[in-house]
Amino acid sequence: MRRIVQALLLVPPLLLPIRPRDAAAQAKVDEQIVAPNEDGLTYYVSPRGAHLVAVTQKGSRYVVSHDGVPGPQVDQVLNPGTASWIMNFSPDGQRHGYTAKVGQDWIAVVDGKEVYRQPIGSNDLINRGGGPHLRFSPNGKHWVFYYHNPDARLPTADPSWYMWDGVAGPKGAEAVLVVSPDGERHAYVVANPANPNQKALIVDGKPAGYVGFDPIFSADGTRLYTTREIRPAQGPVVTEVLIDGRVAARALTAKIHIPPAGPGALILLARQDPQTQMQRWAIAAANGIVPNSESSQFGEVWFSDDGKHYAIKAVQSSGAAVLIVDGIRHREYASVDSVRFTDTGTVSYVARTGAKWFVVTGDQESEVMLSSMFVGLTTGKGGRIGYAASTTSGPVVVVDGKATKVEGRLATAEAFSFSPDGTRAAWWLGSSGSPGGTVSVDGAAGAGILHRDFAQLTPGDPVRYIWNPDSKFTLHYGAAGAQWGNDFGFYLGDRYYTLGNVSRVVKPTFTPDGKHLFWSVEEGQRGMMTVWLDGKQVYEFDEQGRAPLAAPGGWQMGADGVLTFVVQTVDGFKRVRITPGPEHGVEAMLAKAKVVSRS
C-alpha cells in the first residue's frame, strides 16, 4: 500500500498574521487551528484531504493530535524503521494510526484512540524506539499491524503475529501480508513456532485448509491465487498454481499477473525443453494454454483498465521482441516499448526496426517514421491516441494517425495531452532560440509567445498548462505582447486575463465543475503568499509558513469544489477551507479578458 506523508522538524519562523480577504459573496473562508507553534514540533500532512497530524511534547511526554484533537499522552512514538512510517494515513486521508510506548507497555492508536495494549516484555526492539508498523487497507476501513520481536532468544516464546481490526491471528506469521485491492480480505503464511518447516496459509484470519504460498488476490477480491512446490520421487521440482485451493496448473515454474479489474489472472508457465534443456514459457488464460504463445522469455505485461485485454512482450532467443495481444502474436521487431491500451481496448506501442521508430496501433504500423520520441504515447477518451515526436524533416505531433508538422521546440514535459472529454488535443511549443512559448490546441496556433512556467511547490504540480474540466480551453501563463514587461496573466484559450506584475503563480486549480479557478501567488518582494479565486484575493499569509502547503496533500481540491490547504501562521498551523460562492467566476473572468491575436 502506497504511503505519502510529510514530516518536518520545525523551529517556527517569524510569521505575520494571516488575513482572509473580503470577496463579498464570492467565497466562504473557514479556518481551523490544527497545531500550535512549538519548538521541536513534528507534523505530517495526509495524502488526501489536507489533514494535519502533529506530535508535540508535553513535559517528558508526547501527544499526537489530528486536526487539533489530541490523542493519549505517550512516552515515545515508535518508528518501525522509516521516518515516513511513524504516522500512517488511510488512502483517503481520513484516518491515521501509529504505535507508541507507554511505561512498560506498547500501544496501538487508531483515529486518536488506544485500540491495543501489550507489555513490552523481552522485545528490545520496542525499547530502542522501533515497533509494529500499523497501516490501513486500500479502502481505509480496516487497520492492521505486524508484531515482531527480532531479539527473542526463543521464537516459540514470542512468535510474530498480525492483528486485523483488533483481532490477533495465529502465531508464527511471516512478514508479508497481502490485502485484496478492495481492502476487505487478507492472507499471509504462518510457520509452526516449534517447527519452522511446517507452514500454513491464513486467509481472513483463519487457516485456509490447504497449503499455498505467495498469495495474491484478484482485483475484485473474489479469488485467491497461490503457488506451491511439489517434489516428486523422480524428476524436477514441479510448481502448482492454485485458485482458492484448487490446482489449476502445473509447470516447472510459474508467474501470476493480476489485471486491474475482474476475478481473473494471467499466468505464465515454464517447461524445460528436452532438446536444449532451456526453459520455454507459455501463457495460460481461462481456457488453458494460449496457442502459439510459447517463447524463450517474457518481459513486461500490460492490461487494459477494465482488465479484459492483455499484452505481453515475448523476447526471442535472437533478442528481437514480439508483442502478444490477447493471444495473438504481432510482428517481430528489434524492440517494443511504451505499450498502452485505449479505453476501447485497442493496443498501441512504439516499435523499432534498425534506426527507424514508428507507432503500431492495433496491428497497423504508422506511416510516420520517427527518429526519436519526445513524449510517449498518450491516450484519450473514445480510443484516441497521440504523441509528439521527431522526424528527419522536423518535429511533429501525431493525433489518431494524422501528423502535423510544428514550428518551434516541443517540450518533453507536458508537451501533449487530450482534453478531459477526449475531443480535443493540445501541446506546448517553445519558440526557437528565445524564451517563452505557447499552447497549441487542435493544431491551431496558440495565443501568447512569452510563456512562463507555473512555479512548483510540490512534485506533480502543473508546469506548462492545464485543461479546464469542460474541455473548452487550456490555461497557461505568460506576458502580453512580444517583449517582457511588467504585465503577466493567464491565457484562457484565445483570451488574456491580466494579473499585473505577478511573475510566480503556483497551483492553478479548477473546481470539478469548471465554474471557478483557484491559484496562489508568490509575492517575493512583500514576502507574502496570496490565494486567489476567480480574480479576487481571498487569503494571504507569510510565505515562511508555506511548508505544509508544499507537502504532498497540503493543497486539495475536493469533489464538492471546496479548496482545502494547510499553512503555518503566527497563531499556529491552520487548516483553511475556501468554498466558492454560487456565481460562475470563470465566466466573469472571461468576460473581463481581452481577445488576443494568435502567434
# chains A, B, ... in the order shown; residues from 1 in each chain; ligands from 1

call {"tool": "residues_around", "arguments": {"residues": "stretch 57-71 of chain A", "least_positions_apart": "3", "cutoff": "7 Å", "atoms": "only C-alpha atoms", "output": "JSON list (two decimals) with C-alpha atoms, in the first residue's frame"}}
result
[["chain", "number", "residue", "atom", "x", "y", "z"],
["A", 33, "ILE", "CA", -6.07, 25.90, 14.17],
["A", 34, "VAL", "CA", -4.81, 22.33, 14.00],
["A", 35, "ALA", "CA", -1.44, 22.61, 15.81],
["A", 51, "HIS", "CA", -5.44, 16.85, 7.33],
["A", 52, "LEU", "CA", -2.57, 17.55, 9.72],
["A", 53, "VAL", "CA", -1.20, 15.29, 12.43],
["A", 54, "ALA", "CA", 1.24, 16.92, 14.86],
["A", 74, "VAL", "CA", 2.70, 8.62, 25.41],
["A", 75, "ASP", "CA", 6.36, 8.28, 26.35],
["A", 76, "GLN", "CA", 7.51, 7.75, 22.78],
["A", 112, "GLY", "CA", -6.80, 9.08, 18.28],
["A", 113, "LYS", "CA", -7.98, 6.17, 20.43]]

call {"tool": "residues_around", "arguments": {"residues": "stretch 127-143 of chain A", "least_positions_apart": "2", "cutoff": "10 Å", "atoms": "only C-alpha atoms", "output": "PyMOL selection string"}}
result
chain A and resi 1-3+76-82+85-101+104-110+120-125+145-149+162-166+178-186

call {"tool": "closest_residue", "arguments": {"among": "A:Val350, A:Gln483, A:Pro580, A:Gly362", "to": "A:Val325", "atoms": "only C-alpha atoms"}}
result
A:Gly362

call {"tool": "atom_distance", "arguments": {"atom1": "atom CA of A:Ala479", "atom2": "atom CA of A:Leu450"}}
result
5.3 Å

call {"tool": "residues_around", "arguments": {"residues": "A:Ser471", "least_positions_apart": "2", "cutoff": "6 Å", "atoms": "only C-alpha atoms", "output": "JSON, numbers by chain"}}
result
{"A": [419, 420, 468, 469, 473]}

call {"tool": "residues_around", "arguments": {"residues": "A:Ala351", "least_positions_apart": "2", "cutoff": "12 Å", "atoms": "only C-alpha atoms", "output": "PyMOL selection string"}}
result
chain A and resi 313+320-323+330-339+348-349+353-361+363-366+369-373+376-377

call {"tool": "residues_around", "arguments": {"residues": "stretch 438-443 of chain A", "least_positions_apart": "4", "cutoff": "7 Å", "atoms": "only C-alpha atoms", "output": "JSON, numbers by chain"}}
result
{"A": [424, 425, 426, 427, 428, 429, 430, 447, 448, 449, 451]}

call {"tool": "write_last_selection", "arguments": {"atoms": "all heavy atoms", "output": "PDB file, in the first residue's frame"}}
result
ATOM      1  N   ARG A 424     -10.498  16.981 -27.784  1.00  0.00           N
ATOM      2  CA  ARG A 424      -9.520  17.964 -28.239  1.00  0.00           C
ATOM      3  C   ARG A 424      -8.121  17.528 -27.811  1.00  0.00           C
ATOM      4  O   ARG A 424      -7.951  16.714 -26.900  1.00  0.00           O
ATOM      5  CB  ARG A 424      -9.839  19.350 -27.678  1.00  0.00           C
ATOM      6  CG  ARG A 424     -11.309  19.736 -27.818  1.00  0.00           C
ATOM      7  CD  ARG A 424     -11.547  21.164 -27.405  1.00  0.00           C
ATOM      8  NE  ARG A 424     -11.013  22.093 -28.393  1.00  0.00           N
ATOM      9  CZ  ARG A 424     -10.960  23.417 -28.227  1.00  0.00           C
ATOM     10  NH1 ARG A 424     -11.395  23.956 -27.094  1.00  0.00           N
ATOM     11  NH2 ARG A 424     -10.477  24.203 -29.156  1.00  0.00           N
ATOM     12  N   ALA A 425      -7.121  18.081 -28.486  1.00  0.00           N
ATOM     13  CA  ALA A 425      -5.722  17.767 -28.181  1.00  0.00           C
ATOM     14  C   ALA A 425      -4.929  19.066 -28.093  1.00  0.00           C
ATOM     15  O   ALA A 425      -5.207  20.036 -28.809  1.00  0.00           O
ATOM     16  CB  ALA A 425      -5.125  16.862 -29.247  1.00  0.00           C
ATOM     17  N   ALA A 426      -3.951  19.089 -27.194  1.00  0.00           N
ATOM     18  CA  ALA A 426      -3.120  20.281 -27.020  1.00  0.00           C
ATOM     19  C   ALA A 426      -1.673  19.879 -26.856  1.00  0.00           C
ATOM     20  O   ALA A 426      -1.365  18.772 -26.412  1.00  0.00           O
ATOM     21  CB  ALA A 426      -3.589  21.089 -25.802  1.00  0.00           C
ATOM     22  N   TRP A 427      -0.785  20.786 -27.227  1.00  0.00           N
ATOM     23  CA  TRP A 427       0.639  20.569 -26.991  1.00  0.00           C
ATOM     24  C   TRP A 427       1.333  21.914 -26.783  1.00  0.00           C
ATOM     25  O   TRP A 427       0.883  22.941 -27.257  1.00  0.00           O
ATOM     26  CB  TRP A 427       1.297  19.798 -28.134  1.00  0.00           C
ATOM     27  CG  TRP A 427       1.064  20.323 -29.515  1.00  0.00           C
ATOM     28  CD1 TRP A 427       1.811  21.243 -30.197  1.00  0.00           C
ATOM     29  CD2 TRP A 427       0.013  19.936 -30.413  1.00  0.00           C
ATOM     30  NE1 TRP A 427       1.298  21.464 -31.441  1.00  0.00           N
ATOM     31  CE2 TRP A 427       0.194  20.667 -31.613  1.00  0.00           C
ATOM     32  CE3 TRP A 427      -1.056  19.044 -30.330  1.00  0.00           C
ATOM     33  CZ2 TRP A 427      -0.650  20.548 -32.707  1.00  0.00           C
ATOM     34  CZ3 TRP A 427      -1.901  18.915 -31.424  1.00  0.00           C
ATOM     35  CH2 TRP A 427      -1.704  19.651 -32.586  1.00  0.00           C
ATOM     36  N   TRP A 428       2.393  21.874 -26.038  1.00  0.00           N
ATOM     37  CA  TRP A 428       3.160  23.082 -25.713  1.00  0.00           C
ATOM     38  C   TRP A 428       4.314  23.227 -26.688  1.00  0.00           C
ATOM     39  O   TRP A 428       5.034  22.263 -26.970  1.00  0.00           O
ATOM     40  CB  TRP A 428       3.693  22.994 -24.292  1.00  0.00           C
ATOM     41  CG  TRP A 428       4.379  24.247 -23.824  1.00  0.00           C
ATOM     42  CD1 TRP A 428       3.804  25.309 -23.199  1.00  0.00           C
ATOM     43  CD2 TRP A 428       5.770  24.558 -23.948  1.00  0.00           C
ATOM     44  NE1 TRP A 428       4.750  26.271 -22.922  1.00  0.00           N
ATOM     45  CE2 TRP A 428       5.972  25.825 -23.375  1.00  0.00           C
ATOM     46  CE3 TRP A 428       6.864  23.908 -24.497  1.00  0.00           C
ATOM     47  CZ2 TRP A 428       7.207  26.447 -23.324  1.00  0.00           C
ATOM     48  CZ3 TRP A 428       8.109  24.518 -24.451  1.00  0.00           C
ATOM     49  CH2 TRP A 428       8.276  25.775 -23.861  1.00  0.00           C
ATOM     50  N   LEU A 429       4.499  24.437 -27.214  1.00  0.00           N
ATOM     51  CA  LEU A 429       5.579  24.730 -28.146  1.00  0.00           C
ATOM     52  C   LEU A 429       6.441  25.850 -27.609  1.00  0.00           C
ATOM     53  O   LEU A 429       5.928  26.912 -27.244  1.00  0.00           O
ATOM     54  CB  LEU A 429       5.021  25.148 -29.508  1.00  0.00           C
ATOM     55  CG  LEU A 429       4.492  24.054 -30.420  1.00  0.00           C
ATOM     56  CD1 LEU A 429       3.793  24.674 -31.613  1.00  0.00           C
ATOM     57  CD2 LEU A 429       5.636  23.161 -30.877  1.00  0.00           C
ATOM     58  N   GLY A 430       7.752  25.602 -27.555  1.00  0.00           N
ATOM     59  CA  GLY A 430       8.676  26.661 -27.216  1.00  0.00           C
ATOM     60  C   GLY A 430       9.095  27.397 -28.475  1.00  0.00           C
ATOM     61  O   GLY A 430       9.157  26.820 -29.556  1.00  0.00           O
ATOM     62  N   ALA A 447      -2.099  31.186 -28.497  1.00  0.00           N
ATOM     63  CA  ALA A 447      -2.051  32.586 -28.109  1.00  0.00           C
ATOM     64  C   ALA A 447      -0.899  32.813 -27.140  1.00  0.00           C
ATOM     65  O   ALA A 447      -0.692  32.041 -26.219  1.00  0.00           O
ATOM     66  CB  ALA A 447      -3.360  33.001 -27.469  1.00  0.00           C
ATOM     67  N   GLY A 448      -0.151  33.897 -27.377  1.00  0.00           N
ATOM     68  CA  GLY A 448       0.874  34.270 -26.425  1.00  0.00           C
ATOM     69  C   GLY A 448       2.212  33.619 -26.679  1.00  0.00           C
ATOM     70  O   GLY A 448       2.351  32.419 -26.628  1.00  0.00           O
ATOM     71  N   ILE A 449       3.213  34.397 -26.999  1.00  0.00           N
ATOM     72  CA  ILE A 449       4.558  33.872 -27.231  1.00  0.00           C
ATOM     73  C   ILE A 449       5.352  33.809 -25.940  1.00  0.00           C
ATOM     74  O   ILE A 449       6.099  32.869 -25.687  1.00  0.00           O
ATOM     75  CB  ILE A 449       5.291  34.749 -28.268  1.00  0.00           C
ATOM     76  CG1 ILE A 449       4.746  34.478 -29.667  1.00  0.00           C
ATOM     77  CG2 ILE A 449       6.797  34.479 -28.246  1.00  0.00           C
ATOM     78  CD1 ILE A 449       5.061  33.094 -30.171  1.00  0.00           C
ATOM     79  N   HIS A 451       5.532  32.759 -22.948  1.00  0.00           N
ATOM     80  CA  HIS A 451       5.032  31.811 -21.937  1.00  0.00           C
ATOM     81  C   HIS A 451       5.952  31.819 -20.720  1.00  0.00           C
ATOM     82  O   HIS A 451       7.167  31.961 -20.836  1.00  0.00           O
ATOM     83  CB  HIS A 451       4.986  30.409 -22.546  1.00  0.00           C
ATOM     84  CG  HIS A 451       4.715  29.320 -21.569  1.00  0.00           C
ATOM     85  ND1 HIS A 451       3.455  28.789 -21.374  1.00  0.00           N
ATOM     86  CD2 HIS A 451       5.533  28.648 -20.713  1.00  0.00           C
ATOM     87  CE1 HIS A 451       3.527  27.850 -20.466  1.00  0.00           C
ATOM     88  NE2 HIS A 451       4.761  27.744 -20.043  1.00  0.00           N
TER      89      HIS A 451
END

call {"tool": "atom_distance", "arguments": {"atom1": "atom CA of A:Thr511", "atom2": "atom CA of A:Tyr387"}}
result
27.7 Å

call {"tool": "atom_distance", "arguments": {"atom1": "atom CA of A:Val176", "atom2": "atom CA of A:Asp214"}}
result
8.7 Å

call {"tool": "closest_residue", "arguments": {"among": "A:Val398, A:Val55, A:Leu533, A:Leu154", "to": "A:Leu563", "atoms": "only C-alpha atoms"}}
result
A:Leu533
